[in-house]
Structure formats: C-alpha cells, structure tokens
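Since the structure comes first, as structure tokens, the remarks are kept for the end.
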Amino acid sequence: MSEPAGAANATTSDRARRLAVLDAPSNLGLRPPSSGVVPGTYKAPGALRDHRLLDRLGAWDAGCVTPPRYDRQGWRPGDGVAHAPQIAAYSRRLADRITALLDAGRFPLVLGGDCSILLGTGLALRRRGRFGLAFLDGHSDFRHPGNSAVVGAAAGEDLALVTGRGATEVTDLDGLRPYVRDDDVAVLGIRDDDEYSAELAGTAVLVRHVAELRTAGAAASARAALDRLERTELDGFWVHVDADVLDPGIMPAVDSPDPGGLGLDELALVLRALCASPRCVGLQLTVFDPDLDPDGRLAAELVDLLTGVLAPTAGGGEEASS
C-alpha cells in the first residue's frame, strides 16, 4: 500500500484502480434469525468472493477484520445494545484498517457483515475530518432510546448510532461523537411507511423514500444527494448499502425483507452516480445472508451489481496485485 494519500481528490479512473476489498464479516448487530441460530451475514464476503469479485474488479485484497464471537446469551430486553463491548472493540479495529487504506490512497470496498459495521467506517472517517454519508437502506435504522422503549440490535440502529444517538460506549469512541452530522447525511431508498420518517423529517437529514426517488428519477435523486455530499466543507463522503434496499422479490436473502424496495437497475443508477464522484472515498455492502441463497444466484447478482458500478472505471486493474 504505497500510493500517496488524497483519494478524495483523485480522478475516477485513478481511484478505481486503487480499489481494495476488505472483509468485515461481523454479525454482532443482528438478532438471531431463530432460537439457537447465528445470523448468516458473516458468510457474505466469502460468498461474494466465490463469484470472482476481486478478479472482476481488478481489486487489491485487503484481507479480513475478524469479528468477536456472536453470543447473545444472557442479554435481555432493556440491557441496551447487545454485544456493545464487542462492537466497540471491533469498530476500533475496523476503523484502524480503513484508516490505513485511506491513508495509502486506496478506495475501500468493505464487505459486511451487518449494518453495525457502519460504526467502524464512521469512526475511521471522523478521525480524518468531516465526511458525509450516503445511506442506501430499506429501513432508516433510526431506532434509539429517545423513540423506543427497547434497543438492542445495532444493525437496526446504525444510523441513529453513527449520528450520535444512543449508548456512549458505541457512539463516542475516541471521544468523537457524532461520527457523522445530521446535515451531512443523505438517506435514499427507505420504504414509504418507515416508522421513523416523521422524526427524521424534523432533523437535518436529507431523506428520499422509494416513492420520492421514483417520482424524481434515480439520476435526479442521486444528484440531490450529491448536492449535499459534495459540499466544500466536507472532506468527502462514504456510501453505505444495505442489500434490503432492494425489493425482496429481487433480494430476499436479508434479515428484514419488506416489499416496495428498489429494483436492481434503480440501485445501480444511483450507485454509479455516487461512486463516480471524486469526493466518494469508499463503499460498503451489508446484510446479505448466504444462508438464504442456497444456489448462490443472489450472490452472483450482487457481484454483477458491484462490478457494474465499479469495474467500468477500473482501467484494466493493472495494480490488482501491487
């Protein structure tokens, strides 16, 4: 990793040649899918790699940040965020690895894992300055103690946590709360009936529900997000994608499939526009569960999506093994 820093100012083709794939297979932020069963999202990076993701992207292999053991035994409603000490420790380690990649001029593609990995990426960015967040998710993930009697699954609370709402042990790592400011966030693709829509409307967060996104069009919606994320006071922005932003008729292999999501073409259009920006410094994919994809077809479609968004600018991938 010898490239110079300054990825946020690189051209799109230069940035793409510096793609680095980092696995973050944490499932600590999810509830068990059933009694005694561990969420299968920890298998997602391997499933995507099985479909030649790195080769197709011409990307550098940045390895894996191995998470602590998933064990919610003893946790009870009212205990706060489950796995909070483990998530805090993992977030710091993930932030260290992402920081090193960014310092080396790499463009990280982080393969989750569940949405709680956003705390690690958010912390990495906050350590470097002030960054924006494009949050593409089927749900707002805005549950916090101020609007819910019980919190617990960080993957359903990650937007609240990364913007500083919730338990200090995960929201104030390194004393850097919040990792992302409300007015530096663009939320795209949440369902029209999201339960926290009214509260979000009272914040500075930019929100485009599915219906609004379709009415305006994917390209215009991406442009609205970029108008916020490319502001000069920001040092760049990060893209977070939860696979459940897609309609479950397309992507059922997620923990909370809800109807009314985006199509693959719509998501691809938004992602291409966001990732083409020279201010975009990284991308992460979360919540895909290979246990719900026994024949691997859905993993292949996600790899097609990622390569369709990122590979056209890769310029041949001649630095893949550097």
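Following the order of the structure tokens, chains are lettered A, B, ..., residues in each are numbered from 1, and ligands are numbered from 1.
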inquiry  = I'd like to know which residues of range 2-223 of chain A are helix (DSSP H, G or I) (by DSSP, run on the backbone); could you write them as an MDAnalysis selection string?
reply    = chainID A and resid 7:9 12:17 40:49 53:57 84:103 115:128 154:156 158:162 168:171 173:175 182:184 197:201 210:216 218:223
Give me the residues near Glu233 in chain A as an NGL selection string, where near means some atom within 10 Å (using only C-alpha atoms) and where sequence neighbours in that chain fewer than 5 positions away do not count.
:A and (130-132 or 184)
Find the residues of range 220-241 of chain A that sit at most 12 Å from range 258-268 of chain A; for each, write down the nearest two atoms and how far apart they are in Å, to one decimal. Count only C-alpha atoms. Sort by chain, then by number going up, and give it as CSV.
```
residue,atom,partner,partner_atom,distance
A:Ala220,CA,A:Glu266,CA,11.5
A:Ser221,CA,A:Glu266,CA,10.4
A:Ala222,CA,A:Leu267,CA,10.0
A:Val241,CA,A:Leu267,CA,9.5
```
Expected file: the selected residues, C-alpha atoms, as an mmCIF file, in the first residue's frame:
```cif
data_model
loop_
_atom_site.group_PDB
_atom_site.id
_atom_site.type_symbol
_atom_site.label_atom_id
_atom_site.label_comp_id
_atom_site.auth_asym_id
_atom_site.auth_seq_id
_atom_site.Cartn_x
_atom_site.Cartn_y
_atom_site.Cartn_z
ATOM 1 C CA ALA A 220 -32.123 13.245 -10.088
ATOM 2 C CA SER A 221 -32.275 11.643 -6.648
ATOM 3 C CA ALA A 222 -28.573 10.843 -6.801
ATOM 4 C CA VAL A 241 -25.623 -0.030 1.040
#
```
Judged by only C-alpha atoms, the minimum distance to Asp96 in chain A among A:Val309, A:Leu159, A:Val65, A:Cys115 is found for A:Val65
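Using only C-alpha atoms, the nearest neighbour of Val205 in chain A within the list A:Thr163, A:Thr66, A:Thr41, A:Thr168 is A:Thr163.
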Once DSSP has gone over the backbone, tell me which residues of range 65-299 of chain A are in strand (DSSP E), as a PDB file with C-alpha atoms, in the first residue's frame.
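part-v6.pdb, written as the output of this step:
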```pdb
ATOM      1  CA  PHE A 107     -10.667   3.156  -2.221  1.00  0.00           C
ATOM      2  CA  PRO A 108     -12.097   0.588   0.228  1.00  0.00           C
ATOM      3  CA  LEU A 109     -14.923  -1.698  -0.783  1.00  0.00           C
ATOM      4  CA  VAL A 110     -15.976  -3.154   2.566  1.00  0.00           C
ATOM      5  CA  LEU A 111     -17.939  -6.396   2.525  1.00  0.00           C
ATOM      6  CA  GLY A 112     -20.173  -6.873   5.569  1.00  0.00           C
ATOM      7  CA  GLY A 132     -20.735  12.818   4.540  1.00  0.00           C
ATOM      8  CA  LEU A 133     -22.742   9.617   4.348  1.00  0.00           C
ATOM      9  CA  ALA A 134     -24.930   8.293   1.544  1.00  0.00           C
ATOM     10  CA  PHE A 135     -27.181   5.812   3.361  1.00  0.00           C
ATOM     11  CA  LEU A 136     -28.951   3.424   0.972  1.00  0.00           C
ATOM     12  CA  VAL A 185     -26.339  12.534   5.639  1.00  0.00           C
ATOM     13  CA  ALA A 186     -28.446  11.596   2.604  1.00  0.00           C
ATOM     14  CA  VAL A 187     -30.848   8.669   3.110  1.00  0.00           C
ATOM     15  CA  LEU A 188     -32.068   7.031  -0.079  1.00  0.00           C
ATOM     16  CA  GLY A 189     -34.497   4.169  -0.673  1.00  0.00           C
ATOM     17  CA  ILE A 190     -36.187   3.679   2.691  1.00  0.00           C
ATOM     18  CA  LEU A 206     -31.923  14.512   3.700  1.00  0.00           C
ATOM     19  CA  VAL A 207     -34.421  11.699   3.028  1.00  0.00           C
ATOM     20  CA  ARG A 208     -35.720  10.302  -0.251  1.00  0.00           C
ATOM     21  CA  HIS A 209     -38.242   7.499   0.209  1.00  0.00           C
ATOM     22  CA  PHE A 237     -18.291  11.010   1.612  1.00  0.00           C
ATOM     23  CA  TRP A 238     -18.889   7.297   2.164  1.00  0.00           C
ATOM     24  CA  VAL A 239     -21.579   5.074   0.616  1.00  0.00           C
ATOM     25  CA  HIS A 240     -23.406   2.538   2.788  1.00  0.00           C
ATOM     26  CA  VAL A 241     -25.623  -0.030   1.040  1.00  0.00           C
ATOM     27  CA  ASP A 242     -27.880  -2.450   2.886  1.00  0.00           C
ATOM     28  CA  CYS A 280     -16.571   9.453  -2.818  1.00  0.00           C
ATOM     29  CA  VAL A 281     -13.919   7.698  -0.710  1.00  0.00           C
ATOM     30  CA  GLY A 282     -15.423   4.245  -0.101  1.00  0.00           C
ATOM     31  CA  LEU A 283     -18.371   1.885  -0.331  1.00  0.00           C
ATOM     32  CA  GLN A 284     -19.741  -0.879   1.871  1.00  0.00           C
ATOM     33  CA  LEU A 285     -22.331  -3.615   1.348  1.00  0.00           C
ATOM     34  CA  THR A 286     -24.179  -5.153   4.267  1.00  0.00           C
TER      35      THR A 286
END
```
